[in-house]
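Chemist: For reference, the file start-v7.cif (mmCIF, C-alpha atoms) is included below:
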```cif
data_coords
#
loop_
_atom_site.label_atom_id
_atom_site.label_comp_id
_atom_site.auth_asym_id
_atom_site.auth_seq_id
_atom_site.Cartn_x
_atom_site.Cartn_y
_atom_site.Cartn_z
CA THR A 13 65.14 123.44 100.93
CA ALA A 14 66.08 120.99 103.69
CA ARG A 15 63.22 119.65 105.79
CA VAL A 16 62.77 117.56 108.93
CA ASP A 17 59.34 116.30 109.97
CA GLY A 18 57.80 118.67 107.44
CA ALA A 19 59.50 121.77 108.90
CA ALA A 20 61.85 123.79 106.70
CA GLN A 21 65.46 124.00 107.85
CA PRO A 22 67.09 127.36 106.95
CA ILE A 23 70.47 127.31 105.23
CA THR A 24 72.33 130.51 106.07
CA SER A 25 75.98 129.54 105.56
CA PRO A 26 77.91 128.63 102.38
CA PRO A 27 78.32 124.95 101.48
CA ALA A 28 81.55 123.13 100.73
CA VAL A 29 81.86 121.16 97.49
CA ILE A 30 84.19 118.19 97.24
CA ARG A 31 85.08 115.39 94.85
CA TYR A 32 83.95 112.19 96.57
CA PRO A 33 86.27 109.15 96.27
CA GLU A 34 84.00 107.58 93.58
CA ARG A 35 84.58 110.82 91.61
CA GLN A 36 81.13 112.21 92.28
CA THR A 37 80.56 115.79 93.41
CA MET A 38 79.27 116.06 96.98
CA VAL A 39 77.79 119.20 98.53
CA LEU A 40 78.27 119.57 102.31
CA PHE A 41 76.15 122.03 104.31
CA GLY A 42 74.56 122.63 107.68
CA THR A 43 71.22 124.15 108.63
CA GLY A 44 70.19 126.74 111.19
CA LYS A 45 69.73 130.48 111.57
CA TYR A 46 71.06 133.04 114.06
CA LEU A 47 70.22 136.41 112.53
CA HIS A 48 67.48 137.85 114.74
CA GLN A 49 66.67 137.83 118.45
CA GLY A 50 63.72 135.56 117.78
CA ASP A 51 66.08 132.90 116.41
CA ILE A 52 67.49 132.27 119.88
CA ALA A 53 64.37 130.44 121.07
CA ASP A 54 64.09 128.31 117.90
CA SER A 55 64.39 124.66 118.92
CA THR A 56 63.68 123.13 115.50
CA VAL A 57 65.96 120.17 114.82
CA GLN A 58 68.86 121.21 112.58
CA SER A 59 71.13 118.94 110.60
CA PHE A 60 74.34 118.51 108.63
CA TYR A 61 74.13 117.01 105.12
CA GLY A 62 76.41 115.51 102.50
CA ILE A 63 74.49 115.17 99.21
CA PHE A 64 75.66 114.15 95.75
CA ASP A 65 75.16 117.00 93.29
CA LYS A 66 73.66 114.84 90.53
CA HIS A 67 70.44 114.20 92.48
CA ALA A 68 67.35 116.41 92.48
CA GLY A 69 64.10 116.27 94.44
CA ILE A 70 65.49 113.94 97.07
CA THR A 71 64.03 113.33 100.53
CA ARG A 72 65.66 112.19 103.75
CA SER A 73 64.63 108.62 102.95
CA ASP A 74 67.12 108.76 100.05
CA LEU A 75 69.96 109.54 102.48
CA ALA A 76 71.93 107.38 104.88
CA ARG A 77 71.18 108.33 108.48
CA ARG A 78 73.94 108.96 111.02
CA ASP A 79 73.37 109.32 114.78
CA LEU A 80 75.42 111.41 117.20
CA ILE A 81 76.16 109.73 120.53
CA ARG A 82 77.52 111.77 123.44
CA THR A 83 79.83 110.54 126.17
CA SER A 84 82.44 112.01 128.54
CA LEU A 85 86.17 111.48 129.03
CA SER A 86 88.57 112.52 131.76
CA ILE A 87 91.61 114.42 130.46
CA ASP A 88 94.18 115.55 133.04
CA GLY A 89 91.47 115.52 135.68
CA ASN A 90 89.02 117.57 133.58
CA THR A 91 85.81 116.28 132.04
CA GLN A 92 85.64 116.53 128.26
CA LYS A 93 82.33 115.86 126.52
CA VAL A 94 82.75 114.10 123.18
CA ARG A 95 80.59 112.64 120.41
CA THR A 96 80.74 109.79 117.94
CA SER A 97 78.76 109.55 114.70
CA ASN A 98 77.40 106.08 114.02
CA GLY A 99 75.69 104.56 110.99
CA ASP A 100 75.72 101.76 108.47
CA SER A 101 78.44 101.41 105.87
CA PHE A 102 77.89 104.03 103.16
CA ASP A 103 77.11 102.77 99.64
CA ALA A 104 77.41 105.64 97.15
CA ALA A 105 75.49 103.60 94.56
CA LYS A 106 72.54 103.14 96.93
CA TYR A 107 72.24 106.48 98.69
CA ALA A 108 72.02 110.06 97.41
CA GLY A 109 74.13 111.15 100.38
CA TRP A 110 73.86 111.20 104.16
CA TYR A 111 72.59 113.34 107.03
CA VAL A 112 73.03 113.71 110.77
CA ASP A 113 70.64 115.54 113.10
CA LEU A 114 72.06 117.76 115.84
CA PRO A 115 70.75 116.40 119.16
CA ALA A 116 70.85 119.42 121.49
CA PRO A 117 67.75 121.66 121.58
CA GLY A 118 68.55 124.89 119.74
CA GLU A 119 71.83 123.56 118.31
CA ARG A 120 72.50 124.86 114.81
CA ILE A 121 75.16 125.38 112.12
CA VAL A 122 75.68 128.95 110.87
CA GLN A 123 79.23 128.57 109.57
CA ALA A 124 80.68 127.07 106.42
CA PRO A 125 82.22 123.58 106.64
CA GLN A 126 85.87 123.05 105.74
CA VAL A 127 87.44 119.93 104.26
CA ARG A 128 90.99 118.82 105.01
CA GLY A 129 92.03 115.51 103.52
CA ARG A 130 89.15 113.11 104.21
CA THR A 131 87.77 115.07 107.17
CA VAL A 132 84.93 117.63 107.21
CA PHE A 133 85.26 120.26 109.94
CA VAL A 134 82.29 122.33 111.05
CA ASN A 135 81.31 124.04 114.33
CA THR A 136 77.85 124.13 115.88
CA GLN A 137 76.34 126.76 118.17
CA THR A 138 73.63 126.68 120.82
CA PRO A 139 72.85 130.29 121.82
CA ASP A 140 72.26 131.41 125.38
CA ALA A 141 68.78 132.74 126.17
CA ASP A 142 70.27 136.19 126.85
CA PRO A 143 71.33 137.76 123.49
CA CYS A 144 73.79 140.04 125.33
CA ASP A 145 75.55 137.12 126.99
CA ASN A 146 78.68 135.46 125.55
CA GLY A 147 77.44 132.14 126.86
CA GLY A 148 75.87 129.22 125.10
CA GLU A 149 77.98 126.37 123.84
CA SER A 150 79.67 125.03 120.75
CA TRP A 151 80.72 121.65 119.45
CA LEU A 152 83.73 121.25 117.18
CA MET A 153 82.76 118.54 114.70
CA ALA A 154 85.00 116.52 112.38
CA PHE A 155 83.13 114.04 110.18
CA GLY A 156 84.49 111.45 107.81
CA LEU A 157 83.38 111.95 104.21
CA ASP A 158 80.63 109.36 104.80
CA GLY A 159 79.27 111.25 107.82
CA THR A 160 80.58 108.83 110.45
CA THR A 161 83.42 109.10 112.95
CA PRO A 162 86.78 109.27 111.12
CA ASP A 163 88.81 106.06 111.04
CA GLN A 164 91.80 107.77 112.65
CA PRO A 165 91.84 110.19 115.63
CA VAL A 166 91.43 113.81 114.53
CA TRP A 167 91.66 115.62 117.88
CA ALA A 168 95.28 115.29 118.97
CA LYS A 169 94.51 115.45 122.70
CA LEU A 170 92.27 112.37 122.46
CA GLU A 171 93.72 108.87 122.09
CA ASP A 172 90.67 107.49 120.29
CA SER A 173 88.68 108.74 117.33
CA PHE A 174 85.70 111.01 118.03
CA VAL A 175 83.63 113.16 115.71
CA GLY A 176 83.06 116.05 118.12
CA ILE A 177 84.35 117.79 121.24
CA GLN A 178 82.51 120.41 123.29
CA VAL A 179 84.03 123.85 123.82
CA ARG A 180 83.93 125.20 127.35
CA GLY A 181 83.31 128.89 128.04
CA GLY A 182 81.00 129.92 125.21
CA LYS A 183 80.36 129.75 121.48
CA VAL A 184 83.09 129.77 118.82
CA SER A 185 83.13 131.14 115.31
CA GLU A 186 84.39 129.50 112.13
CA ALA A 187 87.78 127.82 112.40
CA SER A 188 90.93 128.75 110.54
CA ILE A 189 92.93 125.56 110.04
CA ILE A 190 96.63 126.19 109.52
CA GLY A 191 98.75 123.08 109.26
CA SER A 192 97.88 120.98 112.29
CA ASP A 193 96.30 123.81 114.29
CA ALA A 194 92.67 124.95 114.28
CA PHE A 195 92.11 128.51 115.56
CA MET A 196 88.60 129.65 116.49
CA PRO A 197 87.60 133.07 117.85
CA ARG A 198 85.35 132.67 120.88
CA TRP A 199 82.48 135.07 121.52
CA ASP A 200 84.11 136.32 124.73
CA GLY A 201 87.03 137.68 122.68
CA LYS A 202 89.44 134.84 123.41
CA LEU A 203 91.02 132.54 120.83
CA TRP A 204 90.37 128.81 121.11
CA LYS A 205 93.02 126.48 119.69
CA GLU A 206 92.91 122.76 119.02
CA ARG A 207 95.61 120.51 117.62
CA VAL A 208 94.18 118.40 114.80
CA GLU A 209 95.41 115.50 112.69
CA THR A 210 93.98 115.94 109.21
CA GLY A 211 96.10 113.49 107.25
CA ARG A 212 96.31 114.10 103.52
CA ALA A 213 94.11 112.71 100.80
CA GLN A 214 95.98 110.89 98.06
CA GLY A 215 97.02 113.26 95.29
CA GLN A 216 96.45 116.42 97.36
CA LEU A 217 99.79 118.15 97.32
CA GLY A 218 100.72 121.78 97.72
CA ARG A 219 98.38 124.58 98.73
CA GLN A 220 94.73 123.52 98.68
CA SER A 221 93.14 126.72 99.97
CA TRP A 222 93.77 129.86 102.00
CA GLN A 223 91.89 131.90 104.55
CA GLU A 224 92.54 135.35 105.98
CA LEU A 225 92.70 135.76 109.76
CA TYR A 226 91.40 138.94 111.36
CA GLU A 227 92.65 140.23 114.69
#
```
Please rewrite the model in this file as structure tokens.
Modeler:
Amino acid sequence: TARVDGAAQPITSPPAVIRYPERQTMVLFGTGKYLHQGDIADSTVQSFYGIFDKHAGITRSDLARRDLIRTSLSIDGNTQKVRTSNGDSFDAAKYAGWYVDLPAPGERIVQAPQVRGRTVFVNTQTPDADPCDNGGESWLMAFGLDGTTPDQPVWAKLEDSFVGIQVRGGKVSEASIIGSDAFMPRWDGKLWKERVETGRAQGQLGRQSWQELYE
């Protein structure tokens, strides 16, 4: 069970399991719950974790901390909110993994992460107070394998490298990443699309995974 300040963090979405560059197995997962109406008002801090599978009984003090910093950019006259993920250089021999806390009140992860190359994609959701409303907001996150901002730009519309971009117009569901395009159904019935640069990890050739799209 994940915990922050003594409070349990629910894990309601599947993890992703990867082979870390030092040939260790790392488990990637987010925390948060959005199953009942009462979950909407839950403002407990939720997090995203990358933890080596060989460890047991670890605490957050065994993990490298990453911090999300928000700023804004102007793109074609429109304001785009973005995030970076900052932290010390990651030493796999020193730490059992890493974590990052989601800064917005009520922000949570209820979708499985996806790994492409050396980038971990996962979306967050902050529900609107009205359960019948399509509102709320989402952040599209793309972490490096060490939990920090990727070395190279991931979001094609941005010149610099950022770990997250905010979606306008409501929450989005889990992404389907096909080639260099990420497709995400939005809760208002529309399809959100982002161009992404995933690169390719050395030795990863051919089909790595598949996912079925529903209309």
Chemist: Identify all residues satisfying the PyMOL selection byres ((chain A and resi 45-61) around 6) in the given file; provide them as a CSV table (one decimal) with C-alpha atoms, in the frame of the given file.
Modeler:
```csv
chain,number,residue,atom,x,y,z
A,40,LEU,CA,78.3,119.6,102.3
A,41,PHE,CA,76.2,122.0,104.3
A,42,GLY,CA,74.6,122.6,107.7
A,43,THR,CA,71.2,124.2,108.6
A,44,GLY,CA,70.2,126.7,111.2
A,62,GLY,CA,76.4,115.5,102.5
A,110,TRP,CA,73.9,111.2,104.2
A,111,TYR,CA,72.6,113.3,107.0
A,112,VAL,CA,73.0,113.7,110.8
A,113,ASP,CA,70.6,115.5,113.1
A,114,LEU,CA,72.1,117.8,115.8
A,117,PRO,CA,67.8,121.7,121.6
A,118,GLY,CA,68.6,124.9,119.7
A,120,ARG,CA,72.5,124.9,114.8
```
Chemist: Taking (78.0, 113.8, 124.1) in the file's own coordinates, collect the residues within 9 Å, counting all atoms listed in the file, and hand them back as a count of residues only.
Modeler: 12
Chemist: Using all atoms listed in the file, list the residues that have an atom at most 12 Å from (93.5, 109.7, 117.7), coordinates as in the file, as a ChimeraX atom specification.
Modeler: /A:161-175,207-211
Chemist: Kindly export the residues of the current selection with C-alpha atoms, as a compact mmCIF listing (two decimals), keeping the file's coordinate frame.
Modeler:
```
# COMPACT_ATOMS: atom_id res chain seq x y z
CA THR A 161 83.42 109.10 112.95
CA PRO A 162 86.78 109.27 111.12
CA ASP A 163 88.81 106.06 111.04
CA GLN A 164 91.80 107.77 112.65
CA PRO A 165 91.84 110.19 115.63
CA VAL A 166 91.43 113.81 114.53
CA TRP A 167 91.66 115.62 117.88
CA ALA A 168 95.28 115.29 118.97
CA LYS A 169 94.51 115.45 122.70
CA LEU A 170 92.27 112.37 122.46
CA GLU A 171 93.72 108.87 122.09
CA ASP A 172 90.67 107.49 120.29
CA SER A 173 88.68 108.74 117.33
CA PHE A 174 85.70 111.01 118.03
CA VAL A 175 83.63 113.16 115.71
CA ARG A 207 95.61 120.51 117.62
CA VAL A 208 94.18 118.40 114.80
CA GLU A 209 95.41 115.50 112.69
CA THR A 210 93.98 115.94 109.21
CA GLY A 211 96.10 113.49 107.25
```
Chemist: Distance CA of Ser150 in chain A-CA of Val16 in chain A, one decimal place?
Modeler: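 According to the coordinates, CA of Ser150 in chain A and CA of Val16 in chain A are separated by 21.9 Å.
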Chemist: Given the choices A:Ser185, A:Gln21, A:Thr37, A:Thr160, which gets closest to Ala124 in chain A if the distance is worked out from all atoms listed in the file?
Modeler: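 Using all atoms listed in the file, Ala124 in chain A sits closest to A:Ser185.
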Chemist: Taking only C-alpha atoms into account, name the residue in A:Thr131, A:Gln126, A:Gln36, A:Thr138 that is nearest to Glu186 in chain A.
Modeler: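 Ranking A:Thr131, A:Gln126, A:Gln36, A:Thr138 by distance to Glu186 in chain A, first place goes to A:Gln126.
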Chemist: I'd like the residues picked by the PyMOL selection byres ((chain A and resi 73) around 12) written out as a list of chain:residue names, using the chain letters and numbers from the file.
Modeler: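 Written out, the selection comes to A:Arg15, A:Val16, A:Asp17, A:Gly69, A:Ile70, A:Thr71, A:Arg72, A:Asp74, A:Leu75, A:Ala76, A:Arg77, A:Lys106, A:Tyr107, A:Ala108, A:Gly109, A:Trp110, A:Tyr111.
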Chemist: Report, in Å with one decimal, the straight-line distance from CA of Val39 in chain A to CA of Thr136 in chain A.
Modeler: 18.0 Å
Chemist: Please measure the separation of CA of Lys202 in chain A and CA of Gly148 in chain A, giving the value in Å to one decimal.
Modeler: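 Distance between the two atoms: 14.8 Å.
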Chemist: Residue by residue, what does the PyMOL selection byres ((chain A and resi 193) around 9) grab here? Present the result as a list in words.
Modeler: Ser188, Ile189, Ile190, Gly191, Ser192, Ala194, Phe195, Lys205, Glu206, Arg207, Val208 and Glu209 of chain A
Chemist: Given the choices A:Asp158, A:Glu149, A:Glu34, A:Asp140, which gets closest to Val184 in chain A if the distance is worked out from only C-alpha atoms?
Modeler: A:Glu149
